[in-house]
Structures are given as C-alpha cells and as structure tokens.
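Structure file upload.cif with mmCIF, C-alpha atoms and all ligand atoms:
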```
data_model
#
loop_
_atom_site.label_atom_id
_atom_site.label_comp_id
_atom_site.auth_asym_id
_atom_site.auth_seq_id
_atom_site.Cartn_x
_atom_site.Cartn_y
_atom_site.Cartn_z
CA MET A 1 71.67 -3.91 -91.77
CA SER A 2 72.85 -1.84 -94.78
CA ALA A 3 75.91 -2.91 -96.78
CA PHE A 4 77.82 0.05 -95.34
CA HIS A 5 77.04 -1.00 -91.80
CA THR A 6 77.92 -4.61 -92.55
CA LEU A 7 81.45 -3.51 -93.43
CA TYR A 8 81.87 -0.87 -90.74
CA SER A 9 80.24 -2.65 -87.78
CA GLY A 10 82.85 -4.48 -85.78
CA LEU A 11 85.67 -2.04 -86.58
CA ASP A 12 87.60 -0.89 -83.54
CA ARG A 13 86.69 2.69 -84.40
CA GLU A 14 85.10 4.67 -87.22
CA GLY A 15 87.95 7.05 -88.02
CA PRO A 16 91.66 7.60 -87.34
CA GLY A 17 92.84 8.31 -83.82
CA LEU A 18 94.80 6.58 -81.07
CA PRO A 19 94.46 6.47 -77.27
CA GLY A 20 97.56 8.67 -77.12
CA ASP A 21 95.59 11.50 -78.74
CA VAL A 22 93.01 11.38 -75.96
CA LEU A 23 95.73 11.27 -73.28
CA TRP A 24 97.58 14.18 -74.89
CA ALA A 25 94.40 16.30 -74.88
CA LEU A 26 93.63 15.50 -71.22
CA ASP A 27 97.18 16.38 -70.26
CA ARG A 28 97.34 19.61 -72.25
CA LEU A 29 93.94 20.76 -70.92
CA GLY A 30 94.66 19.68 -67.34
CA VAL A 31 91.51 17.54 -67.22
CA SER A 32 91.54 15.14 -64.24
CA GLY A 33 89.59 14.07 -61.16
CA GLY A 34 85.81 14.13 -60.87
CA VAL A 35 85.13 15.91 -64.13
CA ARG A 36 82.09 15.60 -66.42
CA VAL A 37 82.97 14.56 -69.97
CA CYS A 38 80.94 14.05 -73.12
CA ASP A 39 82.16 11.97 -76.07
CA ALA A 40 80.11 13.61 -78.84
CA GLY A 41 79.69 11.41 -81.92
CA CYS A 42 81.25 8.52 -80.01
CA GLY A 43 80.76 5.91 -82.74
CA SER A 44 81.44 2.46 -81.30
CA GLY A 45 83.07 4.05 -78.25
CA ALA A 46 86.81 3.52 -78.66
CA ASP A 47 87.61 6.94 -77.20
CA THR A 48 84.83 6.65 -74.60
CA ALA A 49 86.63 3.63 -73.18
CA THR A 50 89.97 5.46 -73.24
CA LEU A 51 88.46 8.48 -71.49
CA ALA A 52 86.93 6.20 -68.83
CA GLY A 53 90.22 4.36 -68.35
CA ALA A 54 92.14 7.59 -67.90
CA LEU A 55 89.56 9.37 -65.72
CA HIS A 56 88.38 6.90 -63.07
CA GLU A 57 86.58 9.53 -61.00
CA ALA A 58 84.92 11.23 -63.96
CA THR A 59 81.34 10.95 -65.17
CA ILE A 60 81.40 10.14 -68.86
CA GLU A 61 78.46 10.43 -71.21
CA ALA A 62 78.73 9.23 -74.81
CA VAL A 63 76.25 10.07 -77.54
CA ASP A 64 75.88 9.01 -81.16
CA LEU A 65 73.13 9.59 -83.68
CA MET A 66 73.23 6.01 -84.95
CA ASP A 67 71.40 3.51 -82.75
CA HIS A 68 73.61 0.59 -83.75
CA LEU A 69 76.84 2.50 -82.96
CA ALA A 70 75.49 3.69 -79.61
CA ALA A 71 74.62 0.05 -78.90
CA GLU A 72 78.18 -1.05 -79.81
CA ALA A 73 79.61 1.69 -77.55
CA ALA A 74 77.29 0.62 -74.72
CA ASP A 75 78.44 -3.00 -75.09
CA ARG A 76 82.08 -1.96 -75.12
CA CYS A 77 81.65 0.16 -71.99
CA ALA A 78 79.25 -2.18 -70.15
CA SER A 79 81.77 -2.92 -67.40
CA LEU A 80 82.66 0.76 -66.86
CA ALA A 81 80.49 2.10 -64.06
CA ASN A 82 81.23 5.75 -64.79
CA VAL A 83 80.03 5.63 -68.43
CA THR A 84 76.55 6.12 -69.85
CA VAL A 85 75.89 5.84 -73.57
CA ARG A 86 72.82 7.05 -75.41
CA ALA A 87 71.61 7.36 -78.97
CA GLY A 88 70.91 11.02 -79.67
CA ASP A 89 71.84 14.22 -81.45
CA MET A 90 75.07 15.86 -80.30
CA SER A 91 73.84 19.25 -81.54
CA ASN A 92 71.70 19.71 -78.44
CA LEU A 93 73.85 18.62 -75.51
CA SER A 94 72.72 19.88 -72.14
CA GLY A 95 75.81 19.37 -69.94
CA PRO A 96 77.37 20.95 -68.03
CA TYR A 97 80.64 19.33 -69.15
CA ASP A 98 84.23 20.10 -68.25
CA LEU A 99 85.28 18.51 -71.54
CA ILE A 100 83.50 17.76 -74.79
CA TRP A 101 85.63 15.30 -76.75
CA SER A 102 84.65 14.76 -80.36
CA ALA A 103 86.75 12.68 -82.77
CA GLY A 104 85.94 12.98 -86.46
CA ALA A 105 82.34 14.07 -85.84
CA ILE A 106 82.12 17.88 -85.64
CA TYR A 107 82.27 17.90 -89.44
CA PHE A 108 78.61 16.82 -89.46
CA LEU A 109 77.61 20.07 -87.73
CA GLY A 110 80.37 22.33 -89.12
CA VAL A 111 83.22 23.49 -86.87
CA THR A 112 81.78 26.93 -86.07
CA GLU A 113 78.20 25.67 -85.82
CA GLY A 114 79.18 22.69 -83.67
CA LEU A 115 81.27 24.73 -81.26
CA ALA A 116 78.54 27.37 -81.00
CA ALA A 117 76.01 24.64 -80.20
CA TRP A 118 78.29 23.09 -77.54
CA LYS A 119 79.30 26.35 -75.84
CA PRO A 120 76.22 26.57 -73.57
CA ALA A 121 76.82 22.96 -72.48
CA LEU A 122 80.32 23.73 -71.14
CA ALA A 123 80.90 24.26 -67.43
CA GLU A 124 82.93 27.29 -66.31
CA GLY A 125 86.50 26.69 -67.56
CA GLY A 126 85.35 23.80 -69.74
CA ALA A 127 87.00 22.91 -73.05
CA VAL A 128 86.39 21.15 -76.34
CA ALA A 129 88.78 18.77 -78.07
CA PHE A 130 87.78 17.95 -81.64
CA SER A 131 89.44 16.37 -84.65
CA GLN A 132 88.73 17.56 -88.14
CA ALA A 133 90.16 16.89 -91.61
CA VAL A 134 92.88 19.39 -92.48
CA ARG A 135 94.73 20.38 -95.67
CA THR A 136 98.39 20.10 -94.71
CA VAL A 137 99.86 21.20 -98.04
CA PRO A 138 98.40 23.39 -100.80
CA ASP A 139 97.77 22.17 -104.36
CA ASP A 140 98.62 18.51 -103.78
CA ALA A 141 96.70 16.38 -106.28
CA ASP A 142 96.86 13.22 -104.14
CA VAL A 143 95.56 15.02 -101.06
CA GLU A 144 92.77 16.72 -103.03
CA ARG A 145 91.76 13.38 -104.59
CA PHE A 146 91.52 11.76 -101.15
CA TRP A 147 89.31 14.56 -99.79
CA ALA A 148 87.28 15.05 -102.99
CA ASP A 149 83.97 14.28 -101.22
CA TYR A 150 84.81 16.59 -98.31
CA PRO A 151 84.03 20.12 -99.49
CA ALA A 152 84.67 21.68 -96.05
CA LEU A 153 88.41 20.87 -96.27
CA THR A 154 90.57 23.79 -95.17
CA ASP A 155 94.03 24.33 -93.72
CA LEU A 156 94.99 24.75 -90.05
CA GLU A 157 94.50 28.50 -90.15
CA GLY A 158 91.05 27.94 -91.65
CA ILE A 159 90.09 25.60 -88.79
CA PHE A 160 91.45 28.07 -86.23
CA ALA A 161 89.41 30.86 -87.85
CA GLN A 162 86.26 28.69 -87.72
CA THR A 163 87.02 28.00 -84.04
CA ARG A 164 87.45 31.67 -83.21
CA ALA A 165 84.27 32.53 -85.15
CA ALA A 166 82.37 30.48 -82.55
CA GLY A 167 83.91 32.57 -79.75
CA PHE A 168 86.63 30.10 -78.75
CA ASP A 169 90.39 30.46 -78.25
CA VAL A 170 92.63 27.76 -79.70
CA ILE A 171 94.66 26.32 -76.81
CA ASP A 172 96.77 23.84 -78.74
CA HIS A 173 96.64 21.43 -81.66
CA ARG A 174 98.41 18.48 -83.14
CA LEU A 175 98.15 16.51 -86.34
CA ILE A 176 96.74 13.01 -86.48
CA VAL A 177 98.78 11.58 -89.33
CA GLY A 178 100.54 8.33 -90.18
CA ALA A 179 100.21 5.60 -87.52
CA PRO A 180 96.55 6.28 -86.54
CA TRP A 181 95.53 6.03 -90.19
CA VAL A 182 97.59 2.84 -90.66
CA ALA A 183 95.73 1.26 -87.73
CA TYR A 184 92.34 2.42 -88.98
CA TYR A 185 92.85 1.27 -92.55
CA ARG A 186 94.42 -2.00 -91.46
CA SER A 187 91.20 -2.93 -89.65
CA LEU A 188 89.06 -1.69 -92.55
CA ALA A 189 91.15 -3.71 -95.04
CA ALA A 190 90.73 -6.83 -92.89
CA GLY A 191 86.96 -6.26 -92.99
CA ILE A 192 87.03 -5.91 -96.78
CA VAL A 193 88.99 -9.14 -97.17
CA ALA A 194 86.65 -11.01 -94.79
CA LEU A 195 83.60 -9.98 -96.85
CA SER A 196 85.18 -10.26 -100.29
CA THR A 197 83.35 -13.49 -101.25
CA ASP A 198 79.91 -12.23 -100.17
CA PRO A 199 77.57 -12.39 -103.22
CA ASP A 200 75.60 -9.21 -102.36
CA PRO A 201 76.29 -6.67 -105.17
CA GLU A 202 75.45 -3.74 -102.91
CA LEU A 203 78.02 -4.93 -100.40
CA GLN A 204 80.60 -5.48 -103.15
CA ALA A 205 80.09 -1.87 -104.31
CA VAL A 206 80.76 -0.63 -100.76
CA LEU A 207 83.89 -2.79 -100.53
CA GLU A 208 85.12 -1.36 -103.83
CA GLN A 209 84.49 2.20 -102.63
CA SER A 210 86.33 1.59 -99.35
CA TRP A 211 89.20 -0.06 -101.17
CA THR A 212 89.50 3.02 -103.40
CA GLU A 213 89.58 5.19 -100.26
CA ILE A 214 92.45 3.12 -98.83
CA SER A 215 94.33 3.24 -102.17
CA ASN A 216 93.90 7.02 -102.31
CA TRP A 217 95.23 7.34 -98.76
CA ARG A 218 98.25 5.21 -99.69
CA ALA A 219 99.23 7.85 -102.26
CA ALA A 220 99.86 10.48 -99.55
CA PRO A 221 100.01 8.90 -96.07
CA ASP A 222 102.31 11.62 -94.75
CA ARG A 223 100.00 14.45 -95.93
CA ILE A 224 96.50 13.17 -95.25
CA ALA A 225 95.68 14.25 -91.72
CA TYR A 226 93.19 15.30 -89.11
CA ALA A 227 93.92 18.24 -86.84
CA LEU A 228 93.16 17.61 -83.18
CA VAL A 229 92.24 21.04 -81.82
CA LEU A 230 91.87 22.04 -78.17
CA ALA A 231 89.69 25.09 -77.59
CA ARG A 232 88.05 27.04 -74.76
CA PRO A 233 85.44 29.80 -74.84
CA ALA A 234 87.27 33.12 -75.10
C1 LIG B 1 83.78 9.36 -88.31
S1 LIG B 1 82.70 8.78 -87.05
C2 LIG B 1 83.73 8.90 -85.64
C3 LIG B 1 83.28 8.02 -84.50
C4 LIG B 1 84.18 7.99 -83.27
N1 LIG B 1 84.27 9.30 -82.65
C5 LIG B 1 85.56 7.52 -83.66
O1 LIG B 1 86.48 8.32 -83.77
O2 LIG B 1 85.70 6.30 -83.85
C6 LIG B 1 81.57 10.13 -86.83
C7 LIG B 1 80.42 9.79 -85.90
O3 LIG B 1 79.59 10.94 -85.70
C8 LIG B 1 78.25 10.49 -85.58
N2 LIG B 1 77.34 11.63 -85.79
C9 LIG B 1 77.15 12.34 -86.93
N3 LIG B 1 76.25 13.32 -86.73
C10 LIG B 1 75.86 13.22 -85.42
C11 LIG B 1 74.94 13.96 -84.60
N4 LIG B 1 74.25 15.01 -85.09
N5 LIG B 1 74.81 13.59 -83.32
C12 LIG B 1 75.51 12.54 -82.81
N6 LIG B 1 76.39 11.81 -83.55
C13 LIG B 1 76.56 12.15 -84.84
C14 LIG B 1 78.15 9.40 -86.62
O4 LIG B 1 77.04 8.55 -86.38
C15 LIG B 1 79.50 8.70 -86.43
O5 LIG B 1 79.44 7.65 -85.49
#
```

Starting from the coordinates I provided, produce the structure as structure tokens.
Amino acid sequence: MSAFHTLYSGLDREGPGLPGDVLWALDRLGVSGGVRVCDAGCGSGADTATLAGALHEATIEAVDLMDHLAAEAADRCASLANVTVRAGDMSNLSGPYDLIWSAGAIYFLGVTEGLAAWKPALAEGGAVAFSQAVRTVPDDADVERFWADYPALTDLEGIFAQTRAAGFDVIDHRLIVGAPWVAYYRSLAAGIVALSTDPDPELQAVLEQSWTEISNWRAAPDRIAYALVLARPA
C-alpha cells in the first residue's frame, strides 16, 4: 500500500460532505421509491450507505476507479441488499439511472465533460447531483493558497456555465462549507497523529503535506467550500 493510501484508508470518507447533503439533494430532486441510483466516484462508500439508508426500495450501484476504495465501499455496504459496488471507470456508465450522485469526483473528468459523459446514462427525467470546489470570494489569498493545486477552480457562475455547456439546467445548489470540512479534517488529523511515529520517510512526507492542507484550510474555514449542484438535462 502506498504512503498516501496508508493515511487515507480507514477514513470515514475521502472529502467533505455530510449525510444531510445527500438527503437535501434527494428531497429537492424528489427522488424516492424504486429508483436506480449510481454513486459515481464513491470512494469508501459513505454516501452510498446514506443513499441506501434513505432509499430502501432503490437499486444502488457504486463505482470507483481505485480497487481498494471499491473494496472498502463493498465492505461498508455488505449488509445492504440493494447495493452493488464495483471497481471501474465512472466515465462510461451505462445506466439507466434516475440519479447520478457524485461527491468530490467529477473534477477528475471535468464538470462539462463528466456531465456530457453521464447524460446518456440518465433515465427520462433523471438528474445529477455533484459537488465541486468553488471560489466563494474573489482575490482572497488564503482561499487561493488552499486551492493552489486545483487549476480548475472557478466561482458558482463558472460551475453553472460548465453545467449548461453540457446541456443541463441547474435545478438548485448549496454550499458545503464549515461543519463538513471540520468533520473531514478531524478524521484526517486523527490519522496523521496515529501514524506520526512511523519511521517511513515517504509516509512522513505525506503526513506533512496533509498537515499543511489542514493548516491552509484553517486560515479560511468560512470561505473554502464545495458547491453541491443539482442538474437535469435541459
Ligand atoms: C475526493 S474522492 C471522493 C470520494 C467519495 N465520493 C467521498 O465523498 O467520500 C474522489 C473519488 O473519485 C474517484 N475517481 C477518480 N476518477 C475516477 C474515475 N474515472 N472513475 C471512477 N472513480 C474515479 C477516486 O478514486 C476517489 O475515490
């Protein structure tokens, strides 16, 4: 296992987000009953489990590129009869799905490219809910420092434009800011502390890098955010 995976395996999730975000999206999109849902880029399956808990009659498929994360998600959801998890590439989903949920993962495809790839996999009336890093304020040195390795960073209007460019309407959005990041970084910090005496220099470099990320977030916790965007084909 790489040093990165040593630190990140065992975290509750791989990015900020809370069950309430999933429930808000289901409510706003009117998703209920025997629907077909995909958790694209599911990571270790935190949201997959929330989706399954909220949608007992649904069929839920979760997919992640990384074998070890798909395996963690499969373990987490082992007792949930309506969930299947597979390792695979979310850029070629077959569907049809009434909802594609994707937390913190569309970035790897690009918002427009990812939505365009998912469109054919949506059932009639289907929707996508995705979260994506967003610039909440212009010209803020702390925010720019935090997102320095994230060249695709844009503001809400930029994300909406990328969504529309894929032929989607924006239905609603909300910011993921504050508490979800506290929870995420609290678990990451606990992992750093637990591994802090490990002699592996490669692992120590990863711990240092992650600690810097947490410190940078602490400089602007009210301005570092994801946008959770709900969209449907126009
Ligand atoms: C920031 S993590 C978010 C994981 C999870 N959704 C969460 O919120 O905890 C992004 C995930 O996207 C996955 N990913 C990246 N590119 C992918 C692809 N082409 N197909 C499937 N998964 C991908 C990564 O392996 C990673 O687990």

Coordinates of box centre and edge lengths for stretch 2-9 of chain A, 6 Å on every side, axis-aligned, as AutoDock Vina command-line options:
```
--center_x 77.4 --center_y -2.3 --center_z -92.3 --size_x 21.0 --size_y 16.7 --size_z 21.0
```

Closest-contact table, chain A side, partner ligand LIG 1 (chain B), 8 Å, counting only C-alpha atoms and all ligand atoms, as a Markdown table:
```
| residue | atom | partner | partner_atom | distance |
| --- | --- | --- | --- | --- |
| A:Asp12 | CA | B:LIG1 | O2 | 7.4 |
| A:Arg13 | CA | B:LIG1 | O2 | 3.8 |
| A:Glu14 | CA | B:LIG1 | O2 | 3.8 |
| A:Gly15 | CA | B:LIG1 | O1 | 4.7 |
| A:Pro16 | CA | B:LIG1 | O1 | 6.3 |
| A:Gly17 | CA | B:LIG1 | O1 | 6.4 |
| A:Asp39 | CA | B:LIG1 | N1 | 7.4 |
| A:Ala40 | CA | B:LIG1 | C12 | 6.2 |
| A:Gly41 | CA | B:LIG1 | N6 | 3.7 |
| A:Cys42 | CA | B:LIG1 | N1 | 4.1 |
| A:Gly43 | CA | B:LIG1 | O5 | 3.5 |
| A:Ser44 | CA | B:LIG1 | O2 | 6.3 |
| A:Gly45 | CA | B:LIG1 | C4 | 6.5 |
| A:Ala46 | CA | B:LIG1 | O2 | 6.0 |
| A:Asp47 | CA | B:LIG1 | C5 | 6.8 |
| A:Val63 | CA | B:LIG1 | C12 | 5.9 |
| A:Asp64 | CA | B:LIG1 | N6 | 3.7 |
| A:Leu65 | CA | B:LIG1 | C12 | 3.9 |
| A:Met66 | CA | B:LIG1 | O4 | 4.8 |
| A:Leu69 | CA | B:LIG1 | O5 | 6.3 |
| A:Ala87 | CA | B:LIG1 | C12 | 7.5 |
| A:Gly88 | CA | B:LIG1 | C12 | 5.8 |
| A:Asp89 | CA | B:LIG1 | N5 | 3.6 |
| A:Met90 | CA | B:LIG1 | N5 | 3.8 |
| A:Ser91 | CA | B:LIG1 | N4 | 5.5 |
| A:Ser102 | CA | B:LIG1 | N1 | 5.9 |
| A:Ala103 | CA | B:LIG1 | N1 | 4.2 |
| A:Gly104 | CA | B:LIG1 | C1 | 4.6 |
| A:Ala105 | CA | B:LIG1 | C6 | 4.1 |
| A:Ile106 | CA | B:LIG1 | O3 | 7.4 |
| A:Tyr107 | CA | B:LIG1 | C9 | 8.0 |
| A:Phe108 | CA | B:LIG1 | N3 | 5.0 |
| A:Leu109 | CA | B:LIG1 | N4 | 6.6 |
```

Non-local contacts of stretch 188-201 of chain A (10 Å; all atoms listed in the file; under 4 positions in same chain excluded) as a PyMOL selection string: chain A and resi 3+6-15+182-184+205-208+210-211+214

Counting all atoms listed in the file, the residue of A:Ala141, A:Ala54, A:Ala25, A:Ala179 that sits nearest A:Val229: A:Ala25

Interatomic distance (Å, one decimal) between atom CA of A:Ala78 and atom CA of A:Ala49: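 Between atom CA of A:Ala78 and atom CA of A:Ala49 the gap is 9.9 Å.
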
Nearest-residue call for A:Ala127, choices A:Asp98, A:Asp21, A:Glu72, A:Glu157, using only C-alpha atoms: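 Nearest candidate to A:Ala127 out of A:Asp98, A:Asp21, A:Glu72, A:Glu157: A:Asp98.
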
Selection: 12 Å around A:Asp149, only C-alpha atoms, excl. self and same-chain fewer than 5 positions, as a list in words: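 That gives Ala133, Val143, Glu144 and Glu213 of chain A.
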
Output stretch 75-86 of chain A with all heavy atoms present, as an mmCIF file, in the frame of the given file.
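Below is the file that was written, rebuild.cif:
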```cif
data_model
loop_
_atom_site.group_PDB
_atom_site.id
_atom_site.type_symbol
_atom_site.label_atom_id
_atom_site.label_comp_id
_atom_site.auth_asym_id
_atom_site.auth_seq_id
_atom_site.Cartn_x
_atom_site.Cartn_y
_atom_site.Cartn_z
ATOM 1 N N ASP A 75 77.887 -1.653 -75.347
ATOM 2 C CA ASP A 75 78.440 -3.000 -75.090
ATOM 3 C C ASP A 75 79.901 -2.901 -74.666
ATOM 4 O O ASP A 75 80.333 -3.526 -73.710
ATOM 5 C CB ASP A 75 78.384 -3.858 -76.362
ATOM 6 C CG ASP A 75 77.007 -4.446 -76.565
ATOM 7 O OD1 ASP A 75 76.180 -4.310 -75.644
ATOM 8 O OD2 ASP A 75 76.762 -5.005 -77.653
ATOM 9 N N ARG A 76 80.655 -2.083 -75.400
ATOM 10 C CA ARG A 76 82.080 -1.960 -75.120
ATOM 11 C C ARG A 76 82.332 -1.416 -73.708
ATOM 12 O O ARG A 76 83.297 -1.803 -73.048
ATOM 13 C CB ARG A 76 82.723 -1.014 -76.151
ATOM 14 C CG ARG A 76 84.244 -0.963 -76.075
ATOM 15 C CD ARG A 76 84.772 0.263 -76.814
ATOM 16 N NE ARG A 76 84.578 0.200 -78.233
ATOM 17 C CZ ARG A 76 85.544 0.100 -79.142
ATOM 18 N NH1 ARG A 76 86.785 0.000 -78.750
ATOM 19 N NH2 ARG A 76 85.256 0.094 -80.415
ATOM 20 N N CYS A 77 81.443 -0.519 -73.279
ATOM 21 C CA CYS A 77 81.650 0.160 -71.990
ATOM 22 C C CYS A 77 80.803 -0.443 -70.863
ATOM 23 O O CYS A 77 80.713 0.149 -69.782
ATOM 24 C CB CYS A 77 81.364 1.643 -72.138
ATOM 25 S SG CYS A 77 82.462 2.472 -73.303
ATOM 26 N N ALA A 78 80.206 -1.604 -71.116
ATOM 27 C CA ALA A 78 79.250 -2.180 -70.150
ATOM 28 C C ALA A 78 79.863 -2.361 -68.769
ATOM 29 O O ALA A 78 79.176 -2.243 -67.763
ATOM 30 C CB ALA A 78 78.709 -3.495 -70.681
ATOM 31 N N SER A 79 81.157 -2.648 -68.711
ATOM 32 C CA SER A 79 81.770 -2.920 -67.400
ATOM 33 C C SER A 79 82.308 -1.643 -66.739
ATOM 34 O O SER A 79 82.880 -1.706 -65.654
ATOM 35 C CB SER A 79 82.920 -3.921 -67.580
ATOM 36 O OG SER A 79 83.911 -3.317 -68.382
ATOM 37 N N LEU A 80 82.109 -0.497 -67.399
ATOM 38 C CA LEU A 80 82.660 0.760 -66.860
ATOM 39 C C LEU A 80 81.543 1.533 -66.163
ATOM 40 O O LEU A 80 80.645 2.080 -66.809
ATOM 41 C CB LEU A 80 83.268 1.596 -68.002
ATOM 42 C CG LEU A 80 84.382 0.879 -68.783
ATOM 43 C CD1 LEU A 80 84.723 1.636 -70.060
ATOM 44 C CD2 LEU A 80 85.615 0.730 -67.901
ATOM 45 N N ALA A 81 81.598 1.554 -64.845
ATOM 46 C CA ALA A 81 80.490 2.100 -64.060
ATOM 47 C C ALA A 81 80.300 3.594 -64.258
ATOM 48 O O ALA A 81 79.199 4.108 -64.043
ATOM 49 C CB ALA A 81 80.732 1.795 -62.580
ATOM 50 N N ASN A 82 81.339 4.286 -64.669
ATOM 51 C CA ASN A 82 81.230 5.750 -64.790
ATOM 52 C C ASN A 82 80.830 6.215 -66.187
ATOM 53 O O ASN A 82 80.920 7.401 -66.499
ATOM 54 C CB ASN A 82 82.544 6.419 -64.365
ATOM 55 C CG ASN A 82 83.732 5.971 -65.201
ATOM 56 O OD1 ASN A 82 83.671 4.918 -65.840
ATOM 57 N ND2 ASN A 82 84.785 6.756 -65.206
ATOM 58 N N VAL A 83 80.383 5.270 -67.051
ATOM 59 C CA VAL A 83 80.030 5.630 -68.430
ATOM 60 C C VAL A 83 78.546 5.394 -68.690
ATOM 61 O O VAL A 83 78.017 4.339 -68.331
ATOM 62 C CB VAL A 83 80.848 4.786 -69.439
ATOM 63 C CG1 VAL A 83 80.403 5.079 -70.872
ATOM 64 C CG2 VAL A 83 82.343 5.063 -69.292
ATOM 65 N N THR A 84 77.890 6.373 -69.307
ATOM 66 C CA THR A 84 76.550 6.120 -69.850
ATOM 67 C C THR A 84 76.597 6.454 -71.342
ATOM 68 O O THR A 84 77.254 7.412 -71.753
ATOM 69 C CB THR A 84 75.460 6.987 -69.179
ATOM 70 O OG1 THR A 84 75.841 8.359 -69.292
ATOM 71 C CG2 THR A 84 75.268 6.642 -67.724
ATOM 72 N N VAL A 85 75.922 5.637 -72.119
ATOM 73 C CA VAL A 85 75.890 5.840 -73.570
ATOM 74 C C VAL A 85 74.433 5.973 -73.990
ATOM 75 O O VAL A 85 73.567 5.246 -73.504
ATOM 76 C CB VAL A 85 76.508 4.619 -74.303
ATOM 77 C CG1 VAL A 85 76.502 4.863 -75.811
ATOM 78 C CG2 VAL A 85 77.922 4.347 -73.817
ATOM 79 N N ARG A 86 74.189 6.935 -74.897
ATOM 80 C CA ARG A 86 72.820 7.050 -75.410
ATOM 81 C C ARG A 86 72.860 7.369 -76.896
ATOM 82 O O ARG A 86 73.825 7.970 -77.394
ATOM 83 C CB ARG A 86 72.034 8.116 -74.645
ATOM 84 C CG ARG A 86 72.540 9.506 -74.813
ATOM 85 C CD ARG A 86 71.749 10.519 -73.985
ATOM 86 N NE ARG A 86 72.363 11.835 -74.049
ATOM 87 C CZ ARG A 86 72.108 12.734 -74.991
ATOM 88 N NH1 ARG A 86 71.252 12.471 -75.940
ATOM 89 N NH2 ARG A 86 72.722 13.913 -74.988
#
```
